[in-house]
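my_file14.csv (CSV, C-alpha atoms and all ligand atoms)
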```csv
chain,number,residue,atom,x,y,z
A,302,MET,CA,72.9,90.6,85.0
A,303,ILE,CA,71.0,87.6,86.4
A,304,ARG,CA,69.9,88.1,90.0
A,305,VAL,CA,70.2,84.8,91.8
A,306,THR,CA,67.2,84.0,93.9
A,307,ASP,CA,66.6,80.3,93.3
A,308,LEU,CA,68.1,77.2,91.7
A,309,ASP,CA,66.9,78.3,88.2
A,310,SER,CA,68.5,81.7,88.3
A,311,TYR,CA,71.6,80.3,90.0
A,312,GLN,CA,72.0,77.8,87.2
A,313,ALA,CA,71.4,80.5,84.6
A,314,SER,CA,74.2,82.6,86.2
A,315,PHE,CA,76.8,80.0,84.9
A,316,ASP,CA,77.6,81.9,81.8
A,317,GLY,CA,81.0,80.3,80.7
A,318,GLU,CA,81.5,78.4,77.6
A,319,PRO,CA,80.5,74.7,77.3
A,320,GLY,CA,83.1,72.1,78.1
A,321,TYR,CA,84.3,73.3,81.5
A,322,LEU,CA,84.6,70.3,83.9
A,323,ASP,CA,87.3,71.6,86.2
A,324,TRP,CA,85.6,73.4,89.1
A,325,ALA,CA,87.8,71.5,91.6
A,326,ALA,CA,90.8,73.4,90.0
A,327,PHE,CA,89.3,76.8,89.4
A,328,GLY,CA,85.8,78.2,89.4
A,329,PRO,CA,85.2,80.8,86.6
A,330,LEU,CA,83.9,83.9,88.3
A,331,SER,CA,80.2,84.4,88.7
A,332,PRO,CA,78.5,87.5,87.1
A,333,ALA,CA,77.6,88.9,90.5
A,334,VAL,CA,81.3,88.6,91.6
A,335,ARG,CA,82.5,90.3,88.4
A,336,VAL,CA,80.0,93.2,88.7
A,337,GLU,CA,80.8,93.7,92.4
A,338,ALA,CA,84.5,93.7,91.8
A,339,GLN,CA,84.2,96.4,89.1
A,340,ALA,CA,82.0,98.6,91.2
A,341,ASP,CA,84.2,98.3,94.2
A,342,THR,CA,87.3,99.0,92.2
A,343,GLU,CA,85.7,102.3,91.0
A,344,LEU,CA,84.8,103.2,94.6
A,345,LEU,CA,88.4,102.7,95.7
A,346,GLY,CA,89.5,105.0,93.0
A,347,SER,CA,87.2,107.9,94.2
A,348,GLY,CA,89.4,109.1,97.1
A,349,ARG,CA,86.3,109.5,99.3
A,350,ARG,CA,86.5,108.1,102.8
A,351,THR,CA,82.9,107.0,102.6
A,352,SER,CA,83.6,104.9,99.5
A,353,ILE,CA,86.7,103.3,101.1
A,354,ASP,CA,84.6,102.5,104.2
A,355,LEU,CA,81.8,101.1,102.1
A,356,VAL,CA,84.2,98.6,100.4
A,357,ALA,CA,85.8,97.8,103.8
A,358,ASP,CA,82.4,96.8,105.1
A,359,HIS,CA,82.4,93.8,102.8
A,360,VAL,CA,84.8,92.2,105.3
A,361,ARG,CA,82.1,92.1,108.0
A,362,GLU,CA,79.5,91.0,105.4
A,363,ALA,CA,81.7,88.1,104.2
A,364,ARG,CA,82.4,86.9,107.7
A,365,GLU,CA,78.7,87.0,108.5
A,366,LEU,CA,77.9,85.0,105.4
A,367,VAL,CA,80.6,82.4,106.0
A,368,ALA,CA,79.1,82.0,109.6
A,369,GLU,CA,75.6,81.8,108.2
A,370,LEU,CA,76.5,79.0,105.8
A,371,MET,CA,78.3,77.2,108.6
A,372,GLY,CA,75.6,77.8,111.3
A,373,ALA,CA,78.3,79.5,113.4
A,374,ASP,CA,79.1,82.8,115.0
A,375,ALA,CA,80.7,85.5,112.8
A,376,ALA,CA,83.0,86.5,115.7
A,377,GLN,CA,84.8,83.1,115.1
A,378,VAL,CA,85.3,83.7,111.4
A,379,VAL,CA,88.4,85.5,110.1
A,380,LEU,CA,89.2,86.2,106.5
A,381,GLN,CA,92.4,84.8,105.0
A,382,PRO,CA,94.4,85.1,101.8
A,383,SER,CA,93.7,81.4,101.1
A,384,THR,CA,93.0,78.1,102.7
A,385,THR,CA,96.6,77.3,103.4
A,386,TYR,CA,97.0,80.5,105.5
A,387,GLY,CA,94.2,79.4,107.8
A,388,LEU,CA,95.5,75.9,108.1
A,389,MET,CA,99.0,77.2,109.0
A,390,HIS,CA,97.5,79.4,111.8
A,391,ALA,CA,96.0,76.2,113.2
A,392,LEU,CA,98.9,73.8,112.7
A,393,TYR,CA,101.6,76.1,114.1
A,394,GLY,CA,99.8,76.2,117.4
A,395,LEU,CA,99.4,72.5,117.9
A,396,SER,CA,101.4,70.2,120.2
A,397,GLY,CA,101.4,66.4,120.5
A,398,GLY,CA,100.5,63.9,117.8
A,399,LEU,CA,98.9,65.2,114.6
A,400,LEU,CA,97.0,62.6,112.5
A,401,LEU,CA,96.9,63.4,108.8
A,402,GLY,CA,96.8,61.6,105.4
A,403,ARG,CA,100.0,61.3,103.5
A,404,GLY,CA,97.9,61.9,100.4
A,405,GLU,CA,96.4,65.1,101.5
A,406,PHE,CA,96.8,68.3,99.4
A,407,PRO,CA,100.2,69.8,100.2
A,408,SER,CA,98.5,72.7,102.1
A,409,LEU,CA,98.3,70.2,105.0
A,410,THR,CA,101.3,67.9,104.5
A,411,VAL,CA,103.9,70.7,103.9
A,412,ALA,CA,102.6,73.1,106.5
A,413,ALA,CA,102.4,70.3,109.1
A,414,THR,CA,106.0,69.2,108.3
A,415,ARG,CA,107.3,72.7,108.5
A,416,ALA,CA,105.5,73.4,111.7
A,417,SER,CA,106.9,70.2,113.2
A,418,GLU,CA,110.4,71.2,112.1
A,419,ALA,CA,110.1,74.8,113.2
A,420,LEU,CA,108.7,74.3,116.7
A,421,GLY,CA,109.3,70.7,117.5
A,422,ALA,CA,106.0,70.6,119.3
A,423,ILE,CA,104.1,68.3,117.0
A,424,ARG,CA,104.7,64.7,116.1
A,425,LEU,CA,103.3,63.7,112.7
A,426,GLN,CA,101.2,60.6,112.6
A,427,TRP,CA,100.8,59.8,108.9
A,428,LEU,CA,97.7,57.9,107.7
A,429,GLU,CA,98.5,55.9,104.6
A,430,PRO,CA,95.5,53.8,103.6
A,431,ALA,CA,96.0,52.0,100.3
A,432,ASP,CA,92.9,53.6,98.7
A,433,GLY,CA,93.7,57.0,100.2
A,434,LEU,CA,90.4,57.3,101.9
A,435,ILE,CA,90.5,58.8,105.5
A,436,THR,CA,87.7,56.7,107.0
A,437,PRO,CA,86.7,56.5,110.7
A,438,ASP,CA,88.3,53.0,110.9
A,439,VAL,CA,91.6,54.3,109.4
A,440,VAL,CA,91.7,57.1,112.0
A,441,ARG,CA,90.7,54.7,114.9
A,442,GLU,CA,93.6,52.3,114.1
A,443,SER,CA,96.2,55.0,114.2
A,444,LEU,CA,95.0,57.0,117.2
A,445,THR,CA,97.3,57.0,120.2
A,446,ASP,CA,97.1,58.6,123.7
A,447,ASP,CA,99.5,61.3,122.4
A,448,THR,CA,97.2,62.3,119.5
A,449,SER,CA,96.0,65.8,120.0
A,450,ALA,CA,94.4,66.5,116.5
A,451,LEU,CA,93.3,65.2,113.2
A,452,ALA,CA,93.7,67.3,110.1
A,453,VAL,CA,91.6,66.2,107.1
A,454,SER,CA,90.0,67.4,103.9
A,455,LEU,CA,86.3,67.5,103.8
A,456,VAL,CA,86.5,66.3,100.2
A,457,ASP,CA,89.6,64.7,99.0
A,458,PHE,CA,91.1,66.5,96.0
A,459,ARG,CA,92.2,63.3,94.2
A,460,THR,CA,89.4,60.8,94.7
A,461,GLY,CA,86.5,63.1,95.5
A,462,TYR,CA,85.8,61.1,98.7
A,463,ARG,CA,83.8,63.1,101.2
A,464,VAL,CA,84.7,62.3,104.8
A,465,ASP,CA,82.1,61.7,107.4
A,466,LEU,CA,82.8,64.5,109.9
A,467,PRO,CA,80.4,63.4,112.7
A,468,ALA,CA,81.9,59.8,112.5
A,469,LEU,CA,85.4,61.2,112.6
A,470,ARG,CA,84.5,63.3,115.6
A,471,GLU,CA,83.1,60.3,117.4
A,472,VAL,CA,86.4,58.4,116.9
A,473,ILE,CA,88.7,61.2,118.0
A,474,GLY,CA,86.7,62.2,121.1
A,475,ASP,CA,87.6,65.7,122.2
A,476,ARG,CA,90.8,66.0,120.2
A,477,LEU,CA,91.0,68.9,117.7
A,478,LEU,CA,89.3,68.3,114.3
A,479,ILE,CA,90.9,70.6,111.7
A,480,VAL,CA,89.1,70.6,108.3
A,481,ASP,CA,90.3,71.8,104.9
A,482,ALA,CA,86.9,72.5,103.4
A,483,ILE,CA,87.9,74.1,100.1
A,484,GLN,CA,86.6,71.2,97.9
A,485,GLY,CA,83.2,71.2,99.5
A,486,PHE,CA,82.3,74.6,101.1
A,487,GLY,CA,79.1,75.9,99.7
A,488,VAL,CA,78.3,72.8,97.7
A,489,VAL,CA,77.9,70.1,100.4
A,490,ASP,CA,75.8,70.4,103.5
A,491,ALA,CA,78.4,69.4,106.0
A,492,ASP,CA,78.0,69.4,109.7
A,493,TYR,CA,80.7,71.9,110.7
A,494,SER,CA,79.5,72.0,114.3
A,495,VAL,CA,81.6,68.8,115.0
A,496,ALA,CA,84.8,70.5,113.8
A,497,ASP,CA,87.2,72.8,115.6
A,498,VAL,CA,88.8,74.6,112.7
A,499,VAL,CA,87.4,74.9,109.2
A,500,CYS,CA,89.4,76.6,106.4
A,501,GLY,CA,88.3,77.3,102.9
A,502,HIS,CA,88.7,79.6,99.9
A,503,GLY,CA,86.3,81.0,97.4
A,504,TYR,CA,88.2,80.5,94.1
A,505,LYS,CA,86.8,77.1,93.2
A,506,TRP,CA,83.2,76.1,93.9
A,507,LEU,CA,82.2,79.6,95.2
A,508,ARG,CA,83.2,81.3,92.0
A,509,ALA,CA,84.8,84.3,93.9
A,510,GLY,CA,88.4,84.3,92.5
A,511,ARG,CA,91.6,84.0,94.5
A,512,GLY,CA,92.3,85.9,97.7
A,513,THR,CA,89.0,85.0,99.2
A,514,GLY,CA,90.1,82.6,101.9
A,515,PHE,CA,88.4,82.3,105.3
A,516,SER,CA,88.7,80.2,108.5
A,517,TRP,CA,86.6,79.5,111.5
A,518,PHE,CA,88.0,78.7,114.9
A,519,GLY,CA,85.6,77.1,117.5
A,520,GLU,CA,85.8,77.5,121.2
A,521,ARG,CA,88.0,74.4,121.8
A,522,ALA,CA,90.5,75.6,119.1
A,523,LEU,CA,90.6,79.1,120.5
A,524,GLU,CA,91.4,77.6,123.9
A,525,ARG,CA,94.1,75.1,122.8
A,526,ILE,CA,95.9,76.6,119.8
A,527,ALA,CA,99.0,78.3,121.3
A,528,PRO,CA,101.3,79.9,120.6
A,529,VAL,CA,99.5,82.0,118.1
A,530,LEU,CA,101.0,82.6,114.7
A,531,SER,CA,99.9,86.1,113.9
A,532,GLY,CA,100.7,89.7,113.1
A,533,PHE,CA,99.5,93.1,114.2
A,534,ARG,CA,96.0,92.6,113.0
A,535,GLY,CA,95.6,89.6,115.4
A,536,VAL,CA,94.9,91.8,118.5
A,537,ASP,CA,91.8,93.4,119.9
A,538,GLY,CA,91.3,97.2,119.5
A,539,ASP,CA,93.1,99.7,117.4
A,540,LEU,CA,96.6,99.6,115.9
A,541,PRO,CA,98.9,98.4,118.6
A,542,LEU,CA,101.5,101.2,118.9
A,543,ASP,CA,104.3,101.5,121.4
A,544,ALA,CA,103.4,98.2,123.1
A,545,VAL,CA,102.7,94.7,122.0
A,546,PRO,CA,99.4,93.4,123.4
A,547,ALA,CA,98.5,89.8,123.8
A,548,PRO,CA,96.8,88.1,120.8
A,549,SER,CA,93.0,88.5,120.6
A,550,ALA,CA,91.0,85.8,122.4
A,551,SER,CA,88.8,85.6,119.3
A,552,ALA,CA,89.4,84.1,115.9
A,553,GLN,CA,90.8,87.5,115.0
A,554,ALA,CA,94.0,86.3,116.6
A,555,PHE,CA,94.7,84.2,113.5
A,556,SER,CA,95.4,87.1,111.2
A,557,VAL,CA,98.5,88.8,110.1
A,558,ALA,CA,97.8,92.1,108.3
A,559,GLY,CA,94.7,94.0,107.0
A,560,PRO,CA,92.4,92.0,104.8
A,561,ASP,CA,92.0,92.6,101.1
A,562,THR,CA,88.7,94.5,101.0
A,563,LEU,CA,88.2,93.9,97.2
A,564,ALA,CA,88.6,90.2,97.8
A,565,ALA,CA,86.1,90.3,100.7
A,566,ALA,CA,83.6,92.0,98.3
A,567,ARG,CA,84.0,89.2,95.8
A,568,LEU,CA,83.6,86.6,98.5
A,569,ALA,CA,80.5,88.3,100.0
A,570,SER,CA,78.8,88.4,96.5
A,571,ALA,CA,79.6,84.8,95.9
A,572,LEU,CA,78.4,83.6,99.3
A,573,ARG,CA,75.2,85.7,99.0
A,574,ASP,CA,74.2,83.7,95.9
A,575,VAL,CA,74.9,80.5,97.7
A,576,ALA,CA,72.9,81.5,100.7
A,577,ASP,CA,70.0,82.7,98.6
A,578,VAL,CA,69.7,79.3,96.8
A,579,GLY,CA,70.6,77.2,99.9
A,580,VAL,CA,73.4,74.6,100.2
A,581,PRO,CA,71.1,71.6,100.4
A,582,THR,CA,69.5,72.6,97.1
A,583,ILE,CA,72.9,73.1,95.5
A,584,GLU,CA,74.2,69.8,96.9
A,585,ALA,CA,71.2,67.8,95.5
A,586,GLU,CA,71.7,69.3,92.1
A,587,LEU,CA,75.5,68.8,92.1
A,588,LEU,CA,75.0,65.1,93.0
A,589,ALA,CA,72.8,64.8,90.0
A,590,ARG,CA,75.5,66.2,87.8
A,591,THR,CA,78.2,63.9,89.2
A,592,ALA,CA,75.8,61.0,88.8
A,593,ASP,CA,75.6,62.0,85.1
A,594,VAL,CA,79.4,61.9,84.8
A,595,ILE,CA,79.4,58.5,86.5
A,596,PHE,CA,76.7,57.3,84.2
A,597,PHE,CA,78.8,58.0,81.1
A,598,ALA,CA,82.0,56.5,82.7
A,599,ASP,CA,80.1,53.3,83.4
A,600,ARG,CA,78.5,53.2,80.0
A,601,TYR,CA,82.0,53.3,78.4
A,602,GLU,CA,83.6,51.1,81.0
A,603,VAL,CA,86.0,53.6,82.4
A,604,PRO,CA,86.7,52.8,86.0
A,605,VAL,CA,85.6,55.4,88.6
A,606,ILE,CA,87.4,55.5,92.0
A,607,THR,CA,85.1,58.1,93.6
A,608,PRO,CA,82.7,56.4,96.0
A,609,ARG,CA,79.2,55.7,94.6
A,610,GLU,CA,77.2,56.6,97.7
A,611,PRO,CA,76.0,60.2,97.3
A,612,GLU,CA,76.8,61.1,100.9
A,613,ARG,CA,80.5,60.1,100.3
A,614,ARG,CA,81.1,62.3,97.3
A,615,ALA,CA,80.7,66.0,96.3
A,616,GLY,CA,81.5,67.6,93.0
A,617,ILE,CA,84.6,65.5,92.0
A,618,VAL,CA,84.4,62.3,89.9
A,619,THR,CA,87.8,60.7,89.4
A,620,LEU,CA,88.4,58.2,86.5
A,621,GLU,CA,91.2,55.7,86.7
A,622,PRO,CA,91.6,54.2,83.3
A,623,ALA,CA,94.0,51.3,82.6
A,624,ALA,CA,97.6,52.6,82.2
A,625,GLN,CA,97.5,52.4,78.4
A,626,ASP,CA,94.2,54.2,78.2
A,627,ALA,CA,95.1,57.3,80.3
A,628,ALA,CA,96.7,59.3,77.5
A,629,PRO,CA,94.1,58.4,74.7
A,630,LEU,CA,91.3,59.3,77.1
A,631,ALA,CA,92.8,62.6,78.1
A,632,ALA,CA,93.4,63.4,74.4
A,633,SER,CA,89.8,62.6,73.5
A,634,LEU,CA,88.5,64.8,76.2
A,635,ALA,CA,90.8,67.7,75.1
A,636,ASN,CA,89.8,67.1,71.4
A,637,HIS,CA,86.2,67.5,72.4
A,638,GLY,CA,86.8,70.8,74.0
A,639,LEU,CA,86.6,69.6,77.6
A,640,THR,CA,88.6,71.0,80.4
A,641,VAL,CA,89.5,68.5,83.2
A,642,THR,CA,92.5,67.8,85.4
A,643,ALA,CA,94.7,64.8,84.2
A,644,ARG,CA,97.3,63.9,86.8
A,645,ALA,CA,99.3,60.7,87.5
A,646,GLY,CA,97.2,58.5,85.2
A,647,ARG,CA,93.9,59.7,86.6
A,648,ILE,CA,91.3,62.1,85.2
A,649,ARG,CA,89.5,64.3,87.6
A,650,VAL,CA,86.1,65.5,86.2
A,651,SER,CA,84.4,68.2,88.3
A,652,PRO,CA,81.1,69.6,87.0
A,653,HIS,CA,79.1,72.3,88.9
A,654,VAL,CA,75.4,72.9,89.3
A,655,GLY,CA,75.4,75.0,86.1
A,656,THR,CA,77.1,72.4,84.0
A,657,GLY,CA,74.6,72.0,81.1
A,658,ALA,CA,73.4,69.2,78.9
A,659,ASP,CA,75.6,70.5,76.1
A,660,THR,CA,78.8,69.9,78.2
A,661,LEU,CA,77.6,66.5,79.4
A,662,ARG,CA,76.9,65.5,75.8
A,663,LEU,CA,80.4,66.5,74.8
A,664,PHE,CA,81.7,64.4,77.7
A,665,GLY,CA,79.6,61.4,76.5
A,666,ASP,CA,80.9,61.9,72.9
A,667,ALA,CA,84.5,62.1,74.1
A,668,LEU,CA,84.1,58.8,76.0
A,669,ALA,CA,82.4,57.2,73.0
A,670,ALA,CA,85.2,58.2,70.7
A,671,PHE,CA,87.8,57.0,73.1
A,672,SER,CA,85.9,53.7,73.6
A,673,SER,CA,85.5,53.0,69.9
A,674,ALA,CA,89.3,53.4,69.4
A,675,ARG,CA,90.2,51.4,72.5
A,676,VAL,CA,92.4,48.3,72.1
A,677,TRP,CA,91.2,45.7,74.6
B,1,LIG,C1,92.2,70.1,99.2
B,1,LIG,C2,92.9,71.4,98.9
B,1,LIG,N1,93.4,72.1,99.8
B,1,LIG,C3,94.0,73.3,99.6
B,1,LIG,C4,94.1,73.8,98.3
B,1,LIG,C5,94.8,75.0,98.0
B,1,LIG,O1,94.5,76.0,98.9
B,1,LIG,P1,94.7,77.5,98.8
B,1,LIG,O2,95.2,77.9,97.4
B,1,LIG,O3,93.4,78.1,99.1
B,1,LIG,O4,95.7,77.9,99.9
B,1,LIG,C6,93.6,73.0,97.2
B,1,LIG,C7,93.7,73.4,95.8
B,1,LIG,O5,93.5,72.7,94.9
B,1,LIG,C8,92.9,71.8,97.5
B,1,LIG,O6,92.4,71.0,96.6
```
Could you quickly redo this structure as structure tokens?
Amino acid sequence: MIRVTDLDSYQASFDGEPGYLDWAAFGPLSPAVRVEAQADTELLGSGRRTSIDLVADHVREARELVAELMGADAAQVVLQPSTTYGLMHALYGLSGGLLLGRGEFPSLTVAATRASEALGAIRLQWLEPADGLITPDVVRESLTDDTSALAVSLVDFRTGYRVDLPALREVIGDRLLIVDAIQGFGVVDADYSVADVVCGHGYKWLRAGRGTGFSWFGERALERIAPVLSGFRGVDGDLPLDAVPAPSASAQAFSVAGPDTLAAARLASALRDVADVGVPTIEAELLARTADVIFFADRYEVPVITPREPERRAGIVTLEPAAQDAAPLAASLANHGLTVTARAGRIRVSPHVGTGADTLRLFGDALAAFSSARVW
């Protein structure tokens, strides 16, 4: 197995077949994650207490690594089954106006609507910009005295737009900033210190497989989010028997049952690779790959709706061909062995740092074939 120590070995650890351009949907598991998962599965089969404890220790390790990558305190990080679980813990404890984009991934829109209906404590303040981009101006225009929080994706799953977290913070003042970071965590060097809640999951860009969610709750969030949506693991100390203690004052409050230790092992392995290479290095390389995708789109005159400025995008490049071109373009990509997400007339292309020249060549060939058959 390749030991990841720097960018070269990180890139070499991408060992899937050429043609995969769908990291925003699912990240094929890294070699380190696969090896770790197998080893830990064997340990859990041994029936030895020490082996079980060894696997369980990956929970601590994963929390510490999430915190390290965020520049935060591990005590404020809690593992989750997925991004949506973390977001639900945050949203169900809000009151007042909640700003959120109508076009956000349903993790936010559905959970916020359900929380509003269930508890009646939050009033949804929908943001509906024509281009779908949640900019500081869009937020400023909709802010009211009643607004208590903004929930937003770090990177928009449709357009690939990367929000400006510090600028959003400046606009909302001391209201809560709740961030769905799944489409950027570990691949963009975001300033999470301006956020109050950050939720993510390791099954896309981190290459850790499903079940590897996590969330971080800062001081302001810990103070304000109440009531707490949680279960028996959300208390301090041992198993609460014969009495029901108050929720923990730490981020641990936002948990339901015991974590999946095998998932934590996968997450820790994946995060270690990222920490060893460094997020700024990964970001720079990923921006070069997305620039390659944009280059081919421009060359064959396929419109791109993802922002051009490197600081406003991450790993997603979204193509929006003319209506009559959408199906032929999707077909050409499929015929060339490329995996992308085609949805509602748009084609989302998401390379990763390990996307090689062979895949990009296939992408260029697919666009060339589409272009030569195009009827203007
Ligand atoms: C922006 C965004 N949020 C959330 C999710 C899903 O979250 P999870 O499966 O981790 O709950 C996705 C999945 O594509 C996504 O793109």
Can you work out which residues are within 7 Å of ligand LIG 1 (chain B), considering only C-alpha atoms and all ligand atoms, and then hand them over as a JSON list (two decimals) with C-alpha atoms, keeping the file's coordinate frame?
```
[["chain", "number", "residue", "atom", "x", "y", "z"],
["A", 325, "ALA", "CA", 87.80, 71.50, 91.60],
["A", 326, "ALA", "CA", 90.80, 73.40, 90.00],
["A", 383, "SER", "CA", 93.70, 81.40, 101.10],
["A", 384, "THR", "CA", 93.00, 78.10, 102.70],
["A", 385, "THR", "CA", 96.60, 77.30, 103.40],
["A", 386, "TYR", "CA", 97.00, 80.50, 105.50],
["A", 405, "GLU", "CA", 96.40, 65.10, 101.50],
["A", 406, "PHE", "CA", 96.80, 68.30, 99.40],
["A", 408, "SER", "CA", 98.50, 72.70, 102.10],
["A", 454, "SER", "CA", 90.00, 67.40, 103.90],
["A", 456, "VAL", "CA", 86.50, 66.30, 100.20],
["A", 457, "ASP", "CA", 89.60, 64.70, 99.00],
["A", 458, "PHE", "CA", 91.10, 66.50, 96.00],
["A", 481, "ASP", "CA", 90.30, 71.80, 104.90],
["A", 483, "ILE", "CA", 87.90, 74.10, 100.10],
["A", 484, "GLN", "CA", 86.60, 71.20, 97.90],
["A", 501, "GLY", "CA", 88.30, 77.30, 102.90],
["A", 502, "HIS", "CA", 88.70, 79.60, 99.90],
["A", 514, "GLY", "CA", 90.10, 82.60, 101.90]]
```
A:Pro560, A:Ser449, A:Val578, A:Gln312 ranked by distance to A:Asp358, top pick (using all atoms listed in the file):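 Closest to A:Asp358, using all atoms listed in the file: A:Pro560.
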Residue nearest A:Ala431 - candidates A:Arg463, A:Arg403, A:Arg534, A:His390, atoms counted: all atoms listed in the file: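 Checking each of A:Arg463, A:Arg403, A:Arg534, A:His390 against A:Ala431, counting all atoms listed in the file, the winner is A:Arg403.
Proximity to A:Glu586 was assessed for A:Asp309, A:Asp492, A:Pro319, A:Ala565 counting all atoms listed in the file; the smallest distance is recorded for A:Asp309.
Proximity to A:Ser516 was assessed for A:Asn636, A:Ser570, A:Thr582, A:Gln377 counting only C-alpha atoms; the smallest distance is recorded for A:Gln377.
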As a short mmCIF file (atom, residue, chain, number, x, y, z; two decimals) with C-alpha atoms, in the coordinates of the input, please: the residues near A:Phe671 (cut-off 10 Å, all atoms listed in the file, same-chain neighbours under 6 positions excluded).
```
data_model
loop_
_atom_site.label_atom_id
_atom_site.label_comp_id
_atom_site.auth_asym_id
_atom_site.auth_seq_id
_atom_site.Cartn_x
_atom_site.Cartn_y
_atom_site.Cartn_z
CA TYR A 601 82.00 53.30 78.40
CA ASP A 626 94.20 54.20 78.20
CA PRO A 629 94.10 58.40 74.70
CA LEU A 630 91.30 59.30 77.10
CA ALA A 631 92.80 62.60 78.10
CA ALA A 632 93.40 63.40 74.40
CA SER A 633 89.80 62.60 73.50
CA LEU A 634 88.50 64.80 76.20
CA GLY A 665 79.60 61.40 76.50
#
```
Compare A:Arg476, A:Arg459, A:Arg644, A:Arg511 by their minimum atom-to-atom distance to A:Gln381, counting all atoms listed in the file, and give me the closest one.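 Residue with the minimum atom-to-atom distance to A:Gln381: A:Arg511.
Counting all atoms listed in the file and comparing A:Pro546, A:Gly503, A:Gly346, A:Gly320, the residue that lies closest to A:Ala571 is A:Gly503.
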Might you pull out every residue within 12 Å of A:Leu308, with only C-alpha atoms counted and same-chain residues fewer than 2 positions away left off, and present them as number ranges by chain? A: 304-306, 310-315, 574-587, 654-655
Since we have the selection now, will you write its residues out, keeping C-alpha atoms, as a PDB file, keeping the file's coordinate frame?
```
ATOM      1  CA  ARG A 304      69.900  88.100  90.000  1.00  0.00           C
ATOM      2  CA  VAL A 305      70.200  84.800  91.800  1.00  0.00           C
ATOM      3  CA  THR A 306      67.200  84.000  93.900  1.00  0.00           C
ATOM      4  CA  SER A 310      68.500  81.700  88.300  1.00  0.00           C
ATOM      5  CA  TYR A 311      71.600  80.300  90.000  1.00  0.00           C
ATOM      6  CA  GLN A 312      72.000  77.800  87.200  1.00  0.00           C
ATOM      7  CA  ALA A 313      71.400  80.500  84.600  1.00  0.00           C
ATOM      8  CA  SER A 314      74.200  82.600  86.200  1.00  0.00           C
ATOM      9  CA  PHE A 315      76.800  80.000  84.900  1.00  0.00           C
ATOM     10  CA  ASP A 574      74.200  83.700  95.900  1.00  0.00           C
ATOM     11  CA  VAL A 575      74.900  80.500  97.700  1.00  0.00           C
ATOM     12  CA  ALA A 576      72.900  81.500 100.700  1.00  0.00           C
ATOM     13  CA  ASP A 577      70.000  82.700  98.600  1.00  0.00           C
ATOM     14  CA  VAL A 578      69.700  79.300  96.800  1.00  0.00           C
ATOM     15  CA  GLY A 579      70.600  77.200  99.900  1.00  0.00           C
ATOM     16  CA  VAL A 580      73.400  74.600 100.200  1.00  0.00           C
ATOM     17  CA  PRO A 581      71.100  71.600 100.400  1.00  0.00           C
ATOM     18  CA  THR A 582      69.500  72.600  97.100  1.00  0.00           C
ATOM     19  CA  ILE A 583      72.900  73.100  95.500  1.00  0.00           C
ATOM     20  CA  GLU A 584      74.200  69.800  96.900  1.00  0.00           C
ATOM     21  CA  ALA A 585      71.200  67.800  95.500  1.00  0.00           C
ATOM     22  CA  GLU A 586      71.700  69.300  92.100  1.00  0.00           C
ATOM     23  CA  LEU A 587      75.500  68.800  92.100  1.00  0.00           C
ATOM     24  CA  VAL A 654      75.400  72.900  89.300  1.00  0.00           C
ATOM     25  CA  GLY A 655      75.400  75.000  86.100  1.00  0.00           C
TER      26      GLY A 655
END
```
In Å, rounded to a single decimal, give me how far atom CA of A:Val529 is from atom CA of A:Gly510. 28.0 Å
So that I can check the surroundings of A:Gly519, please list as an NGL selection string every protein, DNA and RNA residue that reaches within 7 Å of it, counting all atoms listed in the file and ignoring chain neighbours fewer than 2 positions away. :A and (377 or 497-498 or 517 or 521-523)
Hey, can you pull every residue with an atom no more than 12 Å from (97.2, 80.3, 121.9), using all atoms listed in the file, and send it as a ChimeraX atom specification? /A:390-396,518,520-531,535,547-555
Atom CA of A:Ala491 to atom CA of A:Gly328: how many Å, to one decimal?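 Distance reported for this atom pair: 20.2 Å.
Atom pair atom CA of A:Pro329 / atom CA of A:Thr642 has a distance of 15.0 Å (rounded to one decimal).
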